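Source file: my_file.tsv (TSV, C-alpha atoms (C1' of nucleotides))
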chain	number	residue	atom	x	y	z
A	408	MET	CA	31.23	-4.93	-63.36
A	409	ASN	CA	30.69	-4.26	-67.05
A	410	TYR	CA	32.13	-1.55	-69.23
A	411	SER	CA	29.46	1.08	-68.84
A	412	GLU	CA	29.17	0.59	-65.11
A	413	ALA	CA	32.90	0.95	-64.76
A	414	LYS	CA	32.99	3.98	-66.98
A	415	ALA	CA	30.13	5.62	-65.11
A	416	LYS	CA	31.81	4.92	-61.83
A	417	PHE	CA	35.05	6.46	-62.97
A	418	ILE	CA	33.31	9.56	-64.28
A	419	GLN	CA	31.32	9.94	-61.15
A	420	THR	CA	34.30	9.50	-58.83
A	421	TRP	CA	36.50	11.85	-60.77
A	422	GLY	CA	33.62	14.30	-60.76
A	423	SER	CA	33.11	14.35	-57.05
A	424	LEU	CA	36.83	14.55	-56.50
A	425	GLY	CA	37.11	17.55	-58.75
A	426	SER	CA	34.98	19.62	-56.46
A	427	HIS	CA	37.66	19.29	-53.80
A	428	TRP	CA	40.17	20.50	-56.30
A	429	GLY	CA	38.90	23.79	-57.56
A	430	ILE	CA	37.29	22.09	-60.53
A	431	ASN	CA	33.55	21.89	-60.63
A	432	ARG	CA	31.68	18.66	-60.96
A	433	THR	CA	30.68	18.96	-64.59
A	434	MET	CA	34.11	20.07	-65.62
A	435	ALA	CA	35.68	17.10	-63.90
A	436	GLN	CA	33.12	14.74	-65.41
A	437	ILE	CA	33.78	15.96	-68.90
A	438	HIS	CA	37.45	15.57	-68.24
A	439	ALA	CA	36.93	12.01	-67.03
A	440	LEU	CA	34.80	11.20	-70.05
A	441	LEU	CA	37.44	12.47	-72.44
A	442	LEU	CA	40.13	10.64	-70.54
A	443	VAL	CA	38.51	7.29	-71.07
A	444	SER	CA	37.39	7.91	-74.66
A	445	ARG	CA	39.49	6.48	-77.39
A	446	GLN	CA	38.66	9.25	-79.81
A	447	ALA	CA	37.89	12.92	-79.58
A	448	LEU	CA	34.26	13.84	-78.85
A	449	SER	CA	32.07	16.69	-80.04
A	450	THR	CA	29.98	18.98	-77.87
A	451	GLU	CA	26.99	16.97	-78.98
A	452	ASP	CA	28.56	13.68	-77.90
A	453	ILE	CA	29.45	15.06	-74.50
A	454	MET	CA	25.99	16.53	-73.94
A	455	HIS	CA	24.36	13.22	-74.65
A	456	GLU	CA	26.79	11.08	-72.77
A	457	LEU	CA	26.51	13.12	-69.58
A	458	THR	CA	22.99	14.48	-70.09
A	459	ILE	CA	23.93	18.07	-69.58
A	460	SER	CA	22.94	21.16	-71.51
A	461	ARG	CA	24.76	22.59	-74.45
A	462	GLY	CA	25.67	25.79	-72.61
A	463	ASN	CA	27.05	23.95	-69.66
A	464	THR	CA	29.07	21.67	-71.89
A	465	ASN	CA	30.48	24.54	-73.85
A	466	MET	CA	31.50	26.57	-70.81
A	467	ASN	CA	33.21	23.71	-69.11
A	468	VAL	CA	34.98	22.46	-72.19
A	469	ARG	CA	36.39	25.93	-72.59
A	470	ALA	CA	37.48	25.96	-68.98
A	471	LEU	CA	39.25	22.65	-69.48
A	472	ILE	CA	41.06	24.08	-72.45
A	473	ASP	CA	42.01	27.09	-70.31
A	474	TRP	CA	43.45	24.81	-67.70
A	475	GLY	CA	45.46	23.11	-70.41
A	476	LEU	CA	43.87	19.74	-69.79
A	477	VAL	CA	42.02	19.39	-73.06
A	478	ASP	CA	42.61	20.40	-76.64
A	479	LYS	CA	40.42	20.61	-79.70
A	480	GLU	CA	40.86	18.84	-82.94
A	481	LEU	CA	39.47	19.96	-86.27
A	482	ARG	CA	38.54	17.47	-88.91
A	483	ALA	CA	38.89	18.18	-92.58
A	484	GLY	CA	35.56	18.99	-94.13
A	485	GLU	CA	33.80	19.20	-90.79
A	486	ARG	CA	32.64	22.27	-89.08
A	487	ARG	CA	32.13	20.68	-85.72
A	488	GLU	CA	34.95	20.67	-83.18
A	489	TYR	CA	36.16	17.56	-81.44
A	490	PHE	CA	37.79	17.53	-78.03
A	491	TYR	CA	40.29	15.22	-76.44
A	492	ALA	CA	42.09	15.16	-73.10
A	493	PHE	CA	45.81	14.88	-72.60
A	494	LYS	CA	46.24	11.48	-71.09
A	495	ASP	CA	49.64	11.59	-69.47
A	496	VAL	CA	49.04	11.67	-65.73
A	497	ASN	CA	52.16	13.68	-65.16
A	498	VAL	CA	51.00	16.31	-67.56
A	499	ILE	CA	47.60	16.40	-65.92
A	500	ALA	CA	49.15	16.83	-62.50
A	501	ARG	CA	51.46	19.50	-63.77
A	502	GLN	CA	48.70	21.51	-65.34
A	503	ILE	CA	46.54	21.35	-62.27
A	504	ALA	CA	49.43	22.28	-60.01
A	505	GLN	CA	50.30	25.21	-62.20
A	506	GLU	CA	46.79	26.52	-62.40
A	507	ARG	CA	46.18	26.24	-58.70
A	508	LYS	CA	49.45	27.82	-57.85
A	509	LYS	CA	48.49	30.75	-60.00
A	510	ARG	CA	45.04	31.07	-58.51
A	511	GLU	CA	45.74	30.37	-54.88
A	512	LEU	CA	49.32	30.36	-53.78
A	513	ASP	CA	50.50	33.42	-55.65
A	514	PRO	CA	47.77	35.71	-54.29
A	515	LEU	CA	48.33	34.41	-50.77
A	516	ARG	CA	52.02	35.10	-50.92
A	517	LYS	CA	51.35	38.56	-52.17
A	518	VAL	CA	49.00	39.41	-49.33
A	519	LEU	CA	51.29	37.98	-46.69
A	520	LYS	CA	54.22	40.00	-47.92
A	521	GLN	CA	52.12	43.10	-48.06
A	522	ILE	CA	50.92	42.69	-44.51
A	523	ASN	CA	54.43	42.11	-43.30
A	524	GLU	CA	55.80	45.16	-44.97
A	525	GLU	CA	53.04	47.62	-44.41
A	526	VAL	CA	51.65	46.98	-40.97
A	527	GLN	CA	52.53	49.74	-38.54
A	528	GLY	CA	53.34	49.60	-34.86
A	529	ASP	CA	55.00	47.21	-32.49
A	530	SER	CA	52.30	46.31	-29.99
A	531	PRO	CA	52.22	42.67	-28.91
A	532	GLY	CA	49.32	42.11	-31.26
A	533	VAL	CA	51.22	43.40	-34.22
A	534	LYS	CA	54.20	41.29	-33.28
A	535	GLU	CA	52.11	38.17	-33.12
A	536	LEU	CA	50.50	38.96	-36.42
A	537	LYS	CA	53.86	39.50	-38.06
A	538	LYS	CA	55.19	36.32	-36.62
A	539	VAL	CA	52.31	34.28	-37.98
A	540	THR	CA	52.25	35.89	-41.39
A	541	SER	CA	55.95	35.52	-41.86
A	542	ASN	CA	55.88	31.88	-40.83
A	543	VAL	CA	53.10	31.19	-43.26
A	544	ALA	CA	54.91	33.21	-45.90
A	545	ASP	CA	58.08	31.18	-45.48
A	546	PHE	CA	56.17	27.98	-45.78
A	547	SER	CA	54.35	29.21	-48.86
A	548	ASP	CA	57.64	30.16	-50.42
A	549	VAL	CA	59.05	26.70	-49.98
A	550	THR	CA	55.89	25.16	-51.38
A	551	ASN	CA	55.99	27.59	-54.22
A	552	GLN	CA	59.52	26.65	-55.11
A	553	MET	CA	58.67	23.00	-55.05
A	554	LEU	CA	55.81	23.58	-57.41
A	555	GLU	CA	57.98	25.65	-59.70
A	556	VAL	CA	60.46	22.83	-59.95
A	557	PHE	CA	57.67	20.40	-60.54
A	558	VAL	CA	55.95	22.49	-63.16
A	559	LYS	CA	59.14	23.38	-64.98
A	560	SER	CA	60.34	19.81	-64.95
A	561	GLY	CA	57.44	19.14	-67.26
A	562	GLY	CA	55.94	16.63	-64.89
A	563	GLY	CA	58.15	13.79	-66.02
A	564	ASN	CA	58.59	11.13	-63.46
A	565	TRP	CA	59.87	13.72	-61.08
A	566	LEU	CA	57.51	12.52	-58.46
A	567	SER	CA	58.61	8.91	-58.48
A	568	ASN	CA	62.27	9.86	-58.54
A	569	LEU	CA	61.66	12.10	-55.63
A	570	LEU	CA	59.98	9.34	-53.76
A	571	LEU	CA	62.99	7.14	-54.20
A	572	LYS	CA	65.20	9.83	-52.76
A	573	ILE	CA	62.95	10.24	-49.79
A	574	MET	CA	62.67	6.60	-49.03
A	575	LYS	CA	66.29	5.77	-48.96
B	723	MET	CA	48.15	49.69	-42.66
B	724	ASN	CA	47.21	49.52	-39.01
B	725	TYR	CA	46.74	46.52	-36.79
B	726	SER	CA	43.07	45.88	-37.30
B	727	GLU	CA	43.23	46.38	-41.03
B	728	ALA	CA	46.10	43.95	-41.27
B	729	LYS	CA	44.35	41.44	-39.05
B	730	ALA	CA	41.14	41.71	-41.04
B	731	LYS	CA	43.03	41.27	-44.25
B	732	PHE	CA	44.75	38.17	-43.01
B	733	ILE	CA	41.51	36.64	-41.79
B	734	GLN	CA	39.76	37.44	-45.00
B	735	THR	CA	42.54	36.05	-47.18
B	736	TRP	CA	42.91	32.89	-45.20
B	737	GLY	CA	39.14	32.55	-45.31
B	738	SER	CA	38.82	32.75	-49.04
B	739	LEU	CA	41.76	30.44	-49.47
B	740	GLY	CA	40.18	27.85	-47.24
B	741	SER	CA	37.30	27.40	-49.61
B	742	HIS	CA	39.73	26.07	-52.21
B	743	TRP	CA	40.99	23.65	-49.65
B	744	GLY	CA	38.01	21.73	-48.43
B	745	ILE	CA	37.63	24.04	-45.48
B	746	ASN	CA	34.68	26.35	-45.49
B	747	ARG	CA	35.00	30.08	-45.22
B	748	THR	CA	33.91	30.49	-41.63
B	749	MET	CA	36.04	27.62	-40.48
B	750	ALA	CA	39.09	29.13	-42.12
B	751	GLN	CA	38.30	32.54	-40.70
B	752	ILE	CA	38.03	31.22	-37.19
B	753	HIS	CA	41.29	29.42	-37.73
B	754	ALA	CA	42.93	32.62	-38.93
B	755	LEU	CA	41.58	34.54	-35.98
B	756	LEU	CA	42.93	32.02	-33.52
B	757	LEU	CA	46.24	31.95	-35.32
B	758	VAL	CA	46.83	35.63	-34.81
B	759	SER	CA	45.46	35.82	-31.27
B	760	ARG	CA	47.91	35.84	-28.50
B	761	GLN	CA	45.59	34.08	-26.11
B	762	ALA	CA	42.86	31.52	-26.37
B	763	LEU	CA	39.40	32.84	-27.22
B	764	SER	CA	35.94	31.79	-26.09
B	765	THR	CA	32.95	31.10	-28.33
B	766	GLU	CA	31.65	34.48	-27.31
B	767	ASP	CA	34.85	36.25	-28.35
B	768	ILE	CA	34.86	34.54	-31.71
B	769	MET	CA	31.21	35.32	-32.39
B	770	HIS	CA	31.75	38.96	-31.75
B	771	GLU	CA	35.00	39.28	-33.56
B	772	LEU	CA	33.69	37.73	-36.74
B	773	THR	CA	30.01	38.65	-36.35
B	774	ILE	CA	28.70	35.16	-36.82
B	775	SER	CA	26.10	33.25	-34.88
B	776	ARG	CA	26.69	31.08	-31.90
B	777	GLY	CA	25.66	27.92	-33.71
B	778	ASN	CA	27.92	28.58	-36.60
B	779	THR	CA	30.82	29.32	-34.31
B	780	ASN	CA	30.29	26.20	-32.32
B	781	MET	CA	30.04	23.90	-35.34
B	782	ASN	CA	33.12	25.25	-36.99
B	783	VAL	CA	35.19	25.26	-33.85
B	784	ARG	CA	34.31	21.59	-33.41
B	785	ALA	CA	35.29	20.93	-37.00
B	786	LEU	CA	38.64	22.62	-36.46
B	787	ILE	CA	39.21	20.45	-33.42
B	788	ASP	CA	38.32	17.41	-35.53
B	789	TRP	CA	40.87	18.41	-38.11
B	790	GLY	CA	43.43	18.67	-35.32
B	791	LEU	CA	44.07	22.33	-35.98
B	792	VAL	CA	42.67	23.75	-32.77
B	793	ASP	CA	42.48	22.63	-29.17
B	794	LYS	CA	40.52	23.78	-26.18
B	795	GLU	CA	41.81	25.04	-22.90
B	796	LEU	CA	39.96	24.95	-19.63
B	797	ARG	CA	40.58	27.52	-17.00
B	798	ALA	CA	40.34	26.74	-13.31
B	799	GLY	CA	37.06	27.95	-11.87
B	800	GLU	CA	35.66	28.80	-15.28
B	801	ARG	CA	33.05	26.92	-17.13
B	802	ARG	CA	33.63	28.58	-20.44
B	803	GLU	CA	35.95	26.91	-22.91
B	804	TYR	CA	38.77	28.75	-24.58
B	805	PHE	CA	40.18	27.77	-27.94
B	806	TYR	CA	43.58	28.20	-29.46
B	807	ALA	CA	45.17	27.16	-32.73
B	808	PHE	CA	48.39	25.24	-33.09
B	809	LYS	CA	50.74	27.74	-34.56
B	810	ASP	CA	53.50	25.67	-36.05
B	811	VAL	CA	53.06	25.90	-39.80
B	812	ASN	CA	54.49	22.44	-40.29
B	813	VAL	CA	51.95	20.99	-37.95
B	814	ILE	CA	49.17	22.84	-39.69
B	815	ALA	CA	50.28	21.57	-43.07
B	816	ARG	CA	50.60	18.07	-41.77
B	817	GLN	CA	47.14	18.03	-40.28
B	818	ILE	CA	45.57	19.38	-43.42
B	819	ALA	CA	47.46	16.93	-45.60
B	820	GLN	CA	46.42	14.05	-43.42
B	821	GLU	CA	42.81	15.00	-43.32
B	822	ARG	CA	42.57	15.56	-47.05
B	823	LYS	CA	44.36	12.36	-47.82
B	824	LYS	CA	41.81	10.55	-45.73
B	825	ARG	CA	38.86	12.25	-47.31
B	826	GLU	CA	39.94	12.39	-50.93
B	827	LEU	CA	42.89	10.34	-51.92
B	828	ASP	CA	42.05	7.16	-50.06
B	829	PRO	CA	38.55	6.86	-51.53
B	830	LEU	CA	39.85	7.58	-55.03
B	831	ARG	CA	42.47	4.89	-54.76
B	832	LYS	CA	39.88	2.44	-53.57
B	833	VAL	CA	37.57	3.08	-56.50
B	834	LEU	CA	40.36	2.91	-59.05
B	835	LYS	CA	41.55	-0.42	-57.74
B	836	GLN	CA	38.05	-1.76	-57.70
B	837	ILE	CA	37.43	-0.75	-61.30
B	838	ASN	CA	40.68	-2.29	-62.39
B	839	GLU	CA	40.00	-5.56	-60.70
B	840	GLU	CA	36.35	-5.99	-61.41
B	841	VAL	CA	35.71	-4.69	-64.89
B	842	GLN	CA	34.95	-7.49	-67.33
B	843	GLY	CA	35.84	-7.87	-70.98
B	844	ASP	CA	38.64	-6.86	-73.27
B	845	SER	CA	37.04	-4.62	-75.85
B	846	PRO	CA	39.10	-1.60	-76.89
B	847	GLY	CA	36.94	0.54	-74.63
B	848	VAL	CA	37.66	-1.59	-71.62
B	849	LYS	CA	41.34	-1.59	-72.41
B	850	GLU	CA	41.43	2.18	-72.61
B	851	LEU	CA	39.53	2.46	-69.37
B	852	LYS	CA	41.90	0.11	-67.63
B	853	LYS	CA	44.89	1.95	-68.96
B	854	VAL	CA	43.63	5.27	-67.67
B	855	THR	CA	42.54	4.01	-64.30
B	856	SER	CA	45.75	2.18	-63.68
B	857	ASN	CA	47.84	5.19	-64.66
B	858	VAL	CA	45.87	7.37	-62.32
B	859	ALA	CA	46.08	4.70	-59.64
B	860	ASP	CA	49.86	4.53	-59.92
B	861	PHE	CA	50.12	8.24	-59.67
B	862	SER	CA	47.82	8.32	-56.66
B	863	ASP	CA	49.91	5.67	-55.01
B	864	VAL	CA	53.07	7.68	-55.36
B	865	THR	CA	51.32	10.76	-54.07
B	866	ASN	CA	49.92	8.77	-51.24
B	867	GLN	CA	53.30	7.51	-50.22
B	868	MET	CA	54.72	10.99	-50.28
B	869	LEU	CA	51.98	12.18	-48.03
B	870	GLU	CA	52.49	9.26	-45.69
B	871	VAL	CA	56.13	10.13	-45.34
B	872	PHE	CA	55.24	13.73	-44.82
B	873	VAL	CA	52.55	13.04	-42.26
B	874	LYS	CA	54.60	10.51	-40.37
B	875	SER	CA	57.64	12.73	-40.33
B	876	GLY	CA	55.59	14.94	-38.07
B	877	GLY	CA	55.90	17.87	-40.44
B	878	GLY	CA	59.28	18.90	-39.17
B	879	ASN	CA	61.24	20.77	-41.73
B	880	TRP	CA	60.84	17.90	-44.09
B	881	LEU	CA	59.73	20.22	-46.79
B	882	SER	CA	62.74	22.51	-46.69
B	883	ASN	CA	65.15	19.59	-46.53
B	884	LEU	CA	63.44	18.10	-49.48
B	885	LEU	CA	63.76	21.29	-51.39
B	886	LEU	CA	67.49	21.31	-50.82
B	887	LYS	CA	67.73	17.82	-52.23
B	888	ILE	CA	65.77	18.78	-55.27
B	889	MET	CA	67.69	21.90	-55.99
B	890	LYS	CA	71.12	20.43	-55.95
C	796	DT	C1'	17.71	20.06	-6.44
C	797	DT	C1'	17.70	24.24	-8.60
C	798	DG	C1'	19.07	27.52	-11.73
C	799	DA	C1'	22.69	30.10	-14.00
C	800	DA	C1'	26.11	29.70	-17.40
C	801	DG	C1'	27.45	27.51	-21.03
C	802	DT	C1'	27.23	24.16	-25.18
C	803	DT	C1'	24.95	21.65	-28.84
C	804	DT	C1'	21.47	20.69	-32.11
C	805	DC	C1'	18.44	21.50	-35.86
C	806	DA	C1'	14.63	23.29	-38.71
C	807	DG	C1'	14.11	27.00	-41.48
C	808	DT	C1'	16.28	30.72	-44.13
C	809	DA	C1'	19.71	32.88	-46.83
C	810	DT	C1'	23.53	32.70	-49.80
C	811	DT	C1'	26.36	30.88	-53.12
C	812	DT	C1'	27.25	27.91	-56.84
C	813	DT	C1'	25.90	25.32	-60.63
C	814	DT	C1'	23.10	24.32	-64.42
C	815	DC	C1'	19.75	25.11	-67.94
C	816	DG	C1'	17.91	26.76	-72.14
C	817	DA	C1'	16.83	30.10	-75.27
C	818	DA	C1'	18.59	33.49	-78.02
C	819	DA	C1'	22.49	35.92	-80.09
C	820	DA	C1'	26.65	35.70	-82.53
C	821	DC	C1'	29.45	33.58	-85.70
C	822	DA	C1'	31.38	31.09	-89.78
C	823	DA	C1'	31.19	29.08	-94.19
C	824	DG	C1'	29.06	27.71	-98.29
C	825	DA	C1'	25.45	28.57	-101.76
D	1498	DT	C1'	23.40	38.16	-98.95
D	1499	DC	C1'	20.91	34.35	-97.01
D	1500	DT	C1'	20.88	29.84	-94.91
D	1501	DT	C1'	22.38	26.40	-92.00
D	1502	DG	C1'	25.08	24.30	-88.57
D	1503	DT	C1'	27.63	25.45	-84.67
D	1504	DT	C1'	29.51	28.02	-80.71
D	1505	DT	C1'	28.97	31.40	-77.14
D	1506	DT	C1'	26.59	34.25	-73.92
D	1507	DC	C1'	23.69	35.24	-70.18
D	1508	DG	C1'	19.63	35.73	-67.16
D	1509	DA	C1'	16.70	32.87	-64.75
D	1510	DA	C1'	15.86	28.45	-62.11
D	1511	DA	C1'	17.50	24.75	-59.38
D	1512	DA	C1'	20.54	22.59	-56.33
D	1513	DA	C1'	23.88	22.60	-52.92
D	1514	DT	C1'	25.80	24.61	-49.03
D	1515	DA	C1'	26.27	27.57	-45.13
D	1516	DC	C1'	24.20	30.33	-41.40
D	1517	DT	C1'	20.94	31.78	-38.01
D	1518	DG	C1'	18.26	31.77	-33.92
D	1519	DA	C1'	16.02	29.63	-30.63
D	1520	DA	C1'	15.09	25.62	-28.03
D	1521	DA	C1'	17.09	21.61	-25.81
D	1522	DC	C1'	20.49	19.94	-23.34
D	1523	DT	C1'	24.62	19.72	-19.90
D	1524	DT	C1'	27.23	20.89	-16.16
D	1525	DC	C1'	28.30	22.50	-11.85
D	1526	DA	C1'	28.06	25.55	-7.76
D	1527	DA	C1'	25.16	26.82	-4.17
Give the structure from this file in structure tokens form.
Amino acid sequence: MNYSEAKAKFIQTWGSLGSHWGINRTMAQIHALLLVSRQALSTEDIMHELTISRGNTNMNVRALIDWGLVDKELRAGERREYFYAFKDVNVIARQIAQERKKRELDPLRKVLKQINEEVQGDSPGVKELKKVTSNVADFSDVTNQMLEVFVKSGGGNWLSNLLLKIMK
Amino acid sequence: MNYSEAKAKFIQTWGSLGSHWGINRTMAQIHALLLVSRQALSTEDIMHELTISRGNTNMNVRALIDWGLVDKELRAGERREYFYAFKDVNVIARQIAQERKKRELDPLRKVLKQINEEVQGDSPGVKELKKVTSNVADFSDVTNQMLEVFVKSGGGNWLSNLLLKIMK
DNA sequence: TTGAAGTTTCAGTATTTTTCGAAAACAAGA
DNA sequence: TCTTGTTTTCGAAAAATACTGAAACTTCAA
């Protein structure tokens, strides 16, 4: 396998994975491209490399910046912006965890708590509903705390340390 | 908030969450419905409750069974099948983790390893590519091992125990 | 063996999501 | 202020995905 095949394969794989992760295909592909590039790339570069439109490129680059996965770099005497990805896997994982927590877990926890507090009555149905929601809520809380620790720890090698603890 | 409002809200929330989790909306809604039902429901019941077609119901119920989140129950002297969801949150989490690991993590790890082994050359580009893929691969391996432990532990209260370890 | 009750499949349709591309907005230098 | 290079926006088109409805199939009791 030569360089461009390998690169293409990586981009493509990362891209299709992204869609399972709340990140759309193009966004994940741009991310992959920046991850394997040695220097920052311009919008133009990205468009050509991935054969996607300018608009699409721009929107997704911005989204990546929003997620905290990519940053821009300005070059003296150049108007054009160059983008690069943070390459530390722990940082990447942390940013994704944080963003997803914000978008998914937090709203879920809110709704569950609301249902538990506000639902009226004590029919068997209501009881069952409360039981389920509070179980799910408890679980979400634990998960949430784990993520908090993870996110606050700055990624680090938290995960590998943890694994050691678990294994022994 | 009365019973049916609360129930609807739960189903709706779980449904929209599912889509971020590799589970489509209807599938997640059926799951939610079964979670809050005190007894097993038939295809007919589900169709009516969620106002979806028979075909859709059938396909998604099968998918839930595939994922190991739902099982069917046969009643003596009745032809109709009744479905119920496993209600233990730990079991649910385990099943989802397992299924997603299989569908997403395993293929990713395979591709990364392949790229690392098979890519030819030692240009700077290739080096960068190898660096990135092997970092990601290492990270995926750790994650994978965590999930293995989690899945094999049978869910249990692994997660809460873990949290205690982390916190102290 | 028949047919009633139920399940599964699948082609076509609808919906949702993603992408494009052209035009508007913007920034900086002349 | 005008020009030029660049970024951003946004409606329309395309692609992907999910859903329907009806027909085909299965099962079992009579």
Produce a table with one row for each residue of chain A that has an atom at most 8 Å from any atom of chain D, each row naming the nearest atom pair and its distance in Å at one decimal; use only C-alpha atoms (C1' of nucleotides); arrange rows by chain and rising residue number; format as a tab-separated table.
residue	atom	partner	partner_atom	distance
A:Gly462	CA	D:DT1505	C1'	7.9
A:Asn465	CA	D:DT1504	C1'	7.8
A:Arg486	CA	D:DT1503	C1'	7.4
A:Arg487	CA	D:DT1503	C1'	6.6
Using 12 Å as the limit and counting only C-alpha atoms (C1' of nucleotides), can you tabulate each residue of chain C that touches chain A, with its shortest atom-to-atom distance in Å and the two atoms involved, as JSON lines?
{"residue": "C:DT812", "atom": "C1'", "partner": "A:Asn431", "partner_atom": "CA", "distance": 9.5}
{"residue": "C:DT813", "atom": "C1'", "partner": "A:Asn431", "partner_atom": "CA", "distance": 8.4}
{"residue": "C:DT814", "atom": "C1'", "partner": "A:Asn463", "partner_atom": "CA", "distance": 6.6}
{"residue": "C:DC815", "atom": "C1'", "partner": "A:Ser460", "partner_atom": "CA", "distance": 6.2}
{"residue": "C:DG816", "atom": "C1'", "partner": "A:Ser460", "partner_atom": "CA", "distance": 7.6}
{"residue": "C:DA817", "atom": "C1'", "partner": "A:Gly462", "partner_atom": "CA", "distance": 10.2}
{"residue": "C:DA818", "atom": "C1'", "partner": "A:Gly462", "partner_atom": "CA", "distance": 11.8}
{"residue": "C:DA822", "atom": "C1'", "partner": "A:Arg486", "partner_atom": "CA", "distance": 8.9}
{"residue": "C:DA823", "atom": "C1'", "partner": "A:Arg486", "partner_atom": "CA", "distance": 8.6}
{"residue": "C:DG824", "atom": "C1'", "partner": "A:Arg486", "partner_atom": "CA", "distance": 11.3}
Would you mind reading off the distance between atom CA of Asn497 of chain A and atom CA of Leu830 of chain B, one decimal, in Å?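 Between atom CA of Asn497 of chain A and atom CA of Leu830 of chain B the gap is 17.1 Å.
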Define the interface residues of chain A facing chain B as those within 9 Å, counting only C-alpha atoms, and report them as a PyMOL selection string. chain A and resi 408-410+412-414+416-417+420-421+424+426-429+442-445+494-497+511-512+514-515+518-519+522-523+525-528+530-533+535-540+542-543+546+549-550+552-553+556+566-567+569-570+572-574
What is the atom CA of Met749 of chain B-atom CA of Ala798 of chain B distance in Å, reported with one decimal?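 Answer for the atom CA of Met749 of chain B to atom CA of Ala798 of chain B separation: 27.5 Å.
Counting from atom CA of Met466 of chain A, the distance to atom CA of Tyr489 of chain A is 14.7 Å.
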Selection as a tab-separated table (two decimals) with C-alpha atoms, keeping the file's coordinate frame: residues within 10 Å of (49.3, 23.0, -30.5), counting all atoms listed in the file:
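Everything below was put into result.tsv:
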chain	number	residue	atom	x	y	z
B	790	GLY	CA	43.43	18.67	-35.32
B	791	LEU	CA	44.07	22.33	-35.98
B	792	VAL	CA	42.67	23.75	-32.77
B	793	ASP	CA	42.48	22.63	-29.17
B	794	LYS	CA	40.52	23.78	-26.18
B	806	TYR	CA	43.58	28.20	-29.46
B	807	ALA	CA	45.17	27.16	-32.73
B	808	PHE	CA	48.39	25.24	-33.09
B	809	LYS	CA	50.74	27.74	-34.56
B	810	ASP	CA	53.50	25.67	-36.05
B	813	VAL	CA	51.95	20.99	-37.95
B	814	ILE	CA	49.17	22.84	-39.69
Using all atoms listed in the file, can you tell me which of B:Thr765, B:Gln734, B:Asn866, B:Gln820 comes closest to Asn782 of chain B?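 Smallest distance to Asn782 of chain B is found for B:Thr765.
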